[in-house]
>>> print(open('entry-v4.csv').read())   # CSV, C-alpha atoms
chain,number,residue,atom,x,y,z
A,1486,MET,CA,42.8,-25.9,-23.0
A,1487,ALA,CA,41.8,-22.8,-21.1
A,1488,SER,CA,44.4,-20.3,-19.8
A,1489,ASN,CA,44.6,-19.4,-16.2
A,1490,SER,CA,43.3,-15.9,-17.0
A,1491,SER,CA,40.2,-17.4,-18.7
A,1492,LEU,CA,39.3,-19.6,-15.7
A,1493,LEU,CA,39.8,-16.6,-13.4
A,1494,LEU,CA,37.5,-14.5,-15.5
A,1495,VAL,CA,34.8,-17.2,-15.4
A,1496,LEU,CA,35.0,-17.5,-11.6
A,1497,ALA,CA,35.0,-13.7,-11.2
A,1498,VAL,CA,31.8,-13.3,-13.3
A,1499,ALA,CA,30.2,-16.2,-11.4
A,1500,CYS,CA,30.9,-14.5,-8.0
A,1501,PHE,CA,29.1,-11.3,-9.1
A,1502,ILE,CA,25.9,-13.1,-10.2
A,1503,SER,CA,23.3,-12.0,-7.8
A,1504,PRO,CA,21.1,-14.7,-6.3
A,1505,ALA,CA,18.1,-12.4,-6.9
A,1506,ILE,CA,18.5,-13.0,-10.7
A,1507,SER,CA,17.3,-16.6,-10.2
A,1508,GLN,CA,14.3,-15.7,-8.2
A,1509,THR,CA,10.9,-15.6,-10.1
A,1510,CYS,CA,9.6,-13.0,-7.7
A,1511,SER,CA,12.2,-10.5,-8.8
A,1512,THR,CA,10.7,-10.5,-12.4
A,1513,GLN,CA,7.1,-9.9,-11.3
A,1514,ASN,CA,5.6,-6.5,-11.9
A,1515,VAL,CA,3.6,-5.8,-8.7
A,1516,SER,CA,2.1,-2.3,-8.6
A,1517,THR,CA,3.9,-1.3,-5.3
A,1518,ARG,CA,7.6,-1.3,-4.7
A,1519,PHE,CA,8.9,-3.5,-1.9
A,1520,ASP,CA,12.3,-4.0,-0.3
A,1521,SER,CA,12.4,-7.8,-0.6
A,1522,CYS,CA,10.8,-10.8,-2.2
A,1523,MET,CA,10.9,-14.5,-1.9
A,1524,ASP,CA,9.8,-17.5,-3.9
A,1525,LEU,CA,7.8,-19.5,-1.5
A,1526,PRO,CA,8.7,-23.2,-1.5
A,1527,VAL,CA,5.3,-24.7,-2.5
A,1528,LEU,CA,2.1,-23.8,-4.4
A,1529,ASP,CA,3.7,-21.6,-7.0
A,1530,SER,CA,3.4,-18.7,-4.6
A,1531,TYR,CA,5.5,-15.5,-4.0
A,1532,LEU,CA,5.8,-12.9,-1.3
A,1533,HIS,CA,7.0,-9.3,-1.8
A,1534,TYR,CA,7.4,-7.4,1.5
A,1535,THR,CA,8.7,-4.4,3.4
A,1536,TYR,CA,9.2,-4.2,7.1
A,1537,ASP,CA,9.0,-0.7,8.8
A,1538,ALA,CA,10.5,-1.0,12.2
A,1539,ALA,CA,9.7,2.6,13.0
A,1540,ASN,CA,5.9,1.9,13.2
A,1541,SER,CA,6.1,-1.9,13.5
A,1542,SER,CA,4.3,-2.6,10.2
A,1543,LEU,CA,4.7,-5.1,7.5
A,1544,SER,CA,3.5,-4.4,3.9
A,1545,VAL,CA,3.1,-7.4,1.6
A,1546,ALA,CA,2.1,-8.4,-1.9
A,1547,PHE,CA,1.2,-12.1,-2.0
A,1548,VAL,CA,1.1,-13.6,-5.5
A,1549,ALA,CA,-0.4,-17.0,-6.2
A,1550,THR,CA,-2.2,-18.9,-9.0
A,1551,PRO,CA,-5.6,-20.5,-8.2
A,1552,PRO,CA,-5.6,-24.2,-9.1
A,1553,ARG,CA,-8.7,-23.5,-11.3
A,1554,SER,CA,-10.5,-20.4,-12.5
A,1555,GLY,CA,-12.7,-19.2,-9.7
A,1556,ASP,CA,-10.7,-20.9,-6.9
A,1557,TRP,CA,-9.3,-18.8,-4.1
A,1558,VAL,CA,-5.8,-17.9,-2.8
A,1559,ALA,CA,-4.9,-16.7,0.7
A,1560,TRP,CA,-2.0,-15.3,2.8
A,1561,ALA,CA,-2.1,-15.2,6.6
A,1562,ILE,CA,-0.2,-14.5,9.8
A,1563,ASN,CA,-0.7,-17.0,12.6
A,1564,PRO,CA,0.1,-15.1,15.9
A,1565,THR,CA,0.9,-18.2,17.9
A,1566,ARG,CA,2.2,-21.1,15.7
A,1567,THR,CA,3.2,-22.2,12.2
A,1568,ARG,CA,0.0,-23.9,11.2
A,1569,MET,CA,-3.3,-23.0,9.5
A,1570,LEU,CA,-5.7,-23.2,12.5
A,1571,GLY,CA,-5.5,-19.8,14.3
A,1572,SER,CA,-4.3,-18.0,11.2
A,1573,GLN,CA,-5.5,-14.4,10.5
A,1574,ALA,CA,-6.0,-14.5,6.7
A,1575,PHE,CA,-6.6,-12.4,3.7
A,1576,LEU,CA,-8.4,-14.5,1.1
A,1577,ALA,CA,-9.2,-13.5,-2.5
A,1578,TYR,CA,-10.9,-14.9,-5.5
A,1579,SER,CA,-12.3,-13.7,-8.9
A,1580,PRO,CA,-16.1,-13.9,-8.8
A,1581,ARG,CA,-16.2,-14.5,-12.6
A,1582,ALA,CA,-13.8,-14.6,-15.6
A,1583,GLY,CA,-12.2,-11.3,-16.1
A,1584,ALA,CA,-13.6,-9.7,-13.0
A,1585,ARG,CA,-11.5,-7.9,-10.4
A,1586,PRO,CA,-10.7,-10.2,-7.5
A,1587,MET,CA,-12.6,-9.8,-4.2
A,1588,VAL,CA,-10.7,-9.9,-0.9
A,1589,ASP,CA,-11.9,-10.3,2.7
A,1590,THR,CA,-10.5,-11.2,6.1
A,1591,TYR,CA,-10.9,-14.6,7.7
A,1592,ASN,CA,-10.1,-15.7,11.3
A,1593,ILE,CA,-9.3,-19.4,10.8
A,1594,SER,CA,-10.6,-20.8,14.0
A,1595,SER,CA,-11.9,-24.0,12.3
A,1596,TYR,CA,-11.8,-25.7,8.9
A,1597,SER,CA,-15.0,-23.8,7.9
A,1598,LEU,CA,-14.0,-20.6,6.1
A,1599,THR,CA,-16.2,-17.7,7.2
A,1600,PRO,CA,-15.3,-14.0,7.0
A,1601,GLY,CA,-14.3,-12.6,10.4
A,1602,ARG,CA,-12.4,-10.0,12.4
A,1603,LEU,CA,-8.7,-10.2,12.6
A,1604,THR,CA,-6.7,-9.9,15.8
A,1605,PHE,CA,-4.3,-7.2,14.5
A,1606,ASP,CA,-4.6,-3.8,12.7
A,1607,PHE,CA,-4.4,-3.8,9.0
A,1608,TRP,CA,-4.9,-1.3,6.2
A,1609,ASN,CA,-4.5,-0.8,2.4
A,1610,LEU,CA,-6.1,-4.1,1.7
A,1611,ARG,CA,-6.9,-4.8,-2.0
A,1612,ALA,CA,-6.6,-7.6,-4.6
A,1613,GLU,CA,-5.7,-7.4,-8.3
A,1614,SER,CA,-5.3,-9.8,-11.2
A,1615,MET,CA,-1.9,-10.5,-12.8
A,1616,PRO,CA,-1.1,-12.2,-16.1
A,1617,GLY,CA,-1.1,-16.0,-16.1
A,1618,ASN,CA,-4.4,-16.2,-14.0
A,1619,ARG,CA,-2.5,-15.1,-10.9
A,1620,ILE,CA,-4.0,-13.1,-8.1
A,1621,VAL,CA,-2.0,-10.6,-5.9
A,1622,ILE,CA,-3.2,-9.6,-2.5
A,1623,TYR,CA,-1.8,-6.3,-1.1
A,1624,ALA,CA,-2.0,-5.5,2.6
A,1625,SER,CA,-0.2,-3.7,5.4
A,1626,VAL,CA,-0.4,-5.2,8.9
A,1627,LYS,CA,0.7,-4.1,12.4
A,1628,VAL,CA,3.2,-6.4,14.0
A,1629,PRO,CA,4.3,-6.4,17.7
A,1630,MET,CA,6.9,-3.8,18.6
A,1631,GLY,CA,10.3,-5.4,18.4
A,1632,ALA,CA,9.2,-8.6,16.7
A,1633,ASN,CA,11.9,-10.4,14.9
A,1634,SER,CA,9.6,-12.5,12.7
A,1635,VAL,CA,6.1,-13.6,12.0
A,1636,ASN,CA,4.5,-17.0,11.3
A,1637,GLN,CA,3.2,-16.9,7.7
A,1638,VAL,CA,0.7,-19.3,6.1
A,1639,TRP,CA,-0.3,-19.3,2.5
A,1640,GLN,CA,-2.8,-21.4,0.6
A,1641,THR,CA,-4.5,-22.0,-2.8
A,1642,GLY,CA,-7.9,-23.4,-2.2
A,1643,GLY,CA,-11.0,-25.0,-3.7
A,1644,ASN,CA,-13.8,-23.3,-5.6
A,1645,VAL,CA,-16.1,-20.6,-4.3
A,1646,THR,CA,-19.9,-21.3,-4.3
A,1647,ASN,CA,-22.3,-18.4,-3.8
A,1648,GLY,CA,-19.4,-16.3,-2.3
A,1649,ARG,CA,-18.5,-19.1,0.2
A,1650,PRO,CA,-14.9,-20.5,-0.2
A,1651,GLY,CA,-14.7,-24.3,-0.1
A,1652,GLY,CA,-11.9,-26.2,1.6
A,1653,HIS,CA,-8.4,-26.5,0.0
A,1654,PRO,CA,-7.0,-29.8,-1.3
A,1655,MET,CA,-5.1,-32.0,1.2
A,1656,ASN,CA,-2.1,-32.5,-1.1
A,1657,PRO,CA,1.4,-32.6,0.4
A,1658,ALA,CA,2.1,-29.1,-0.9
A,1659,ASN,CA,-1.1,-27.7,0.6
A,1660,MET,CA,-0.2,-29.2,4.0
A,1661,ALA,CA,3.4,-27.7,3.9
A,1662,SER,CA,2.5,-24.1,3.1
A,1663,THR,CA,3.7,-22.6,6.3
A,1664,GLY,CA,6.9,-21.0,7.5
A,1665,VAL,CA,8.5,-18.1,9.5
A,1666,LEU,CA,9.2,-14.8,7.8
A,1667,ARG,CA,12.2,-13.0,9.3
A,1668,LEU,CA,11.8,-9.3,9.7
A,1669,THR,CA,15.2,-8.4,11.2
A,1670,GLY,CA,18.7,-9.6,10.9
A,1671,SER,CA,20.3,-11.2,7.8
A,1672,ASN,CA,18.1,-11.9,4.9
A,1673,ALA,CA,15.6,-9.4,6.2
A,1674,PRO,CA,14.4,-6.2,4.5
A,1675,SER,CA,15.6,-2.8,5.4
A,1676,SER,CA,13.3,-0.4,7.3
A,1677,ALA,CA,11.2,1.9,5.1
A,1678,PRO,CA,8.5,4.5,5.6
A,1679,GLY,CA,5.0,3.2,5.6
A,1680,SER,CA,1.4,4.2,6.2
A,1681,ALA,CA,0.2,4.6,9.8
A,1682,PRO,CA,-2.4,2.1,11.0
A,1683,GLY,CA,-6.0,3.0,11.6
A,1684,SER,CA,-8.4,2.0,14.3
A,1685,ALA,CA,-11.7,1.3,12.7
A,1686,GLN,CA,-13.4,-2.0,13.7
A,1687,GLY,CA,-14.9,-4.8,11.6
A,1688,PRO,CA,-14.0,-6.9,8.6
A,1689,THR,CA,-13.1,-5.3,5.3
A,1690,THR,CA,-15.4,-4.9,2.3
A,1691,PRO,CA,-14.6,-7.3,-0.5
A,1692,GLY,CA,-12.6,-5.8,-3.3
A,1693,ALA,CA,-10.2,-2.9,-3.2
A,1694,SER,CA,-10.1,-1.3,0.2
A,1695,THR,CA,-8.1,1.1,2.3
A,1696,THR,CA,-10.3,0.6,5.4
A,1697,PRO,CA,-8.2,0.2,8.5
A,1698,GLY,CA,-8.6,-3.1,10.4
A,1699,GLN,CA,-8.9,-3.9,14.0
A,1700,ALA,CA,-7.0,-4.3,17.3
A,1701,GLY,CA,-3.6,-5.9,17.5
A,1702,GLY,CA,-2.5,-9.3,18.8
A,1703,PRO,CA,0.8,-11.1,19.7
A,1704,GLY,CA,3.6,-12.2,17.4
A,1705,ASN,CA,6.2,-14.9,17.4
A,1706,ALA,CA,9.9,-15.2,16.7
A,1707,GLY,CA,11.9,-17.4,14.4
A,1708,SER,CA,13.9,-17.4,11.1
A,1709,MET,CA,13.5,-18.1,7.4
A,1710,SER,CA,16.1,-17.6,4.7
A,1711,THR,CA,15.2,-16.1,1.4
A,1712,SER,CA,14.5,-18.9,-1.1
A,1713,VAL,CA,17.2,-18.9,-3.8
A,1714,ASN,CA,17.3,-21.1,-6.9
A,1715,PHE,CA,21.0,-21.8,-7.6
A,1716,GLY,CA,20.3,-23.7,-10.8
A,1717,VAL,CA,20.2,-20.6,-13.0
A,1718,ASN,CA,23.6,-19.4,-11.6
A,1719,PHE,CA,25.1,-22.8,-12.2
A,1720,GLY,CA,23.8,-22.8,-15.8
A,1721,ILE,CA,25.3,-19.4,-16.4
A,1722,LEU,CA,28.6,-20.6,-15.0
A,1723,VAL,CA,28.6,-23.6,-17.2
A,1724,MET,CA,27.8,-21.5,-20.3
A,1725,LEU,CA,30.7,-19.1,-19.5
A,1726,ALA,CA,33.1,-21.9,-18.9
A,1727,THR,CA,32.2,-23.4,-22.3
A,1728,ILE,CA,32.7,-20.1,-24.0
A,1729,PHE,CA,36.1,-19.4,-22.5
A,1730,ILE,CA,37.5,-22.9,-22.4
A,1731,PHE,CA,36.5,-24.0,-25.9
>>> encode(input="entry-v4.csv", output="structure tokens")
Amino acid sequence: MASNSSLLLVLAVACFISPAISQTCSTQNVSTRFDSCMDLPVLDSYLHYTYDAANSSLSVAFVATPPRSGDWVAWAINPTRTRMLGSQAFLAYSPRAGARPMVDTYNISSYSLTPGRLTFDFWNLRAESMPGNRIVIYASVKVPMGANSVNQVWQTGGNVTNGRPGGHPMNPANMASTGVLRLTGSNAPSSAPGSAPGSAQGPTTPGASTTPGQAGGPGNAGSMSTSVNFGVNFGILVMLATIFIF
């Protein structure tokens, strides 16, 4: 039987296990440091992000795996609602095996995916490959002054034919890939210095780009807690209990 001191030691160690240890995003080596990250609930996708309240900017790295080689991935902000239509998206894909991903901006006003201007400023837009056939999209965007949150939409889509992305699958996970990203309050990142937005107009050039984007639009409020997988913590607790009890 375990002594009281052994049980207390197990409980103490368990209390100090950080929830971040169980997050996949915390083990990913993105090329820019961010204040926070979250495992998005569907589509094997992840978001690294930093909110800078001083200049109302949000810097992100969105990581996702295309369903097949040559398929696209996208991360977006919807200024008015938590759904795809109306989203202002960054969409990336690899034009061929081993090639650097191309990225462009899409104003999702219909189910036809056509590059277009966004309704908010953006800068430092680029895309890179990661191990495991993953693609990471980096971008900084201007959010409304004092916004508490933004509506985020993410997606992994169909193939790309002659540079034109096809529609994404209509599976339950694809239809559920929306949420609200909290910028302030609990479970939100701390403020950090960031680049200042530019004022040039027009969509970005595909590929790595630091071209500033175009004029701003409204935001929306809400809340979203950081996704945490407690299974790993529970497993560690069981292992420690086994060691100390037996």
>>> residues_around(input="entry-v4.csv", residues="A:Ser1542", least_positions_apart="4", cutoff="7 Å", atoms="all atoms listed in the file", output="list in words")
Tyr1536, Asp1537, Ala1538, Ser1625, Val1626, Lys1627 and Val1628 of chain A
>>> atom_distance(input="entry-v4.csv", atom1="atom CA of A:Val1638", atom2="atom CA of A:Ala1561")
5.0 Å
>>> atom_distance(input="entry-v4.csv", atom1="atom CA of A:Gly1643", atom2="atom CA of A:Ser1595")
16.1 Å
>>> residues_around(input="entry-v4.csv", residues="stretch 1573-1579 of chain A", least_positions_apart="3", cutoff="6 Å", atoms="all atoms listed in the file", output="list in words")
Gly1555, Trp1557, Val1558, Ala1559, Trp1560, Ala1561, Ile1562, Asn1563, Ala1584, Pro1586, Met1587, Val1588, Asp1589, Thr1590, Tyr1591, Asn1592 and Leu1603 of chain A
>>> atom_distance(input="entry-v4.csv", atom1="atom CA of A:Thr1641", atom2="atom CA of A:Arg1581")
17.0 Å
>>> closest_residue(input="entry-v4.csv", among="A:Ser1530, A:Asn1656, A:Asn1636, A:Thr1535", to="A:Pro1564", atoms="only C-alpha atoms")
A:Asn1636
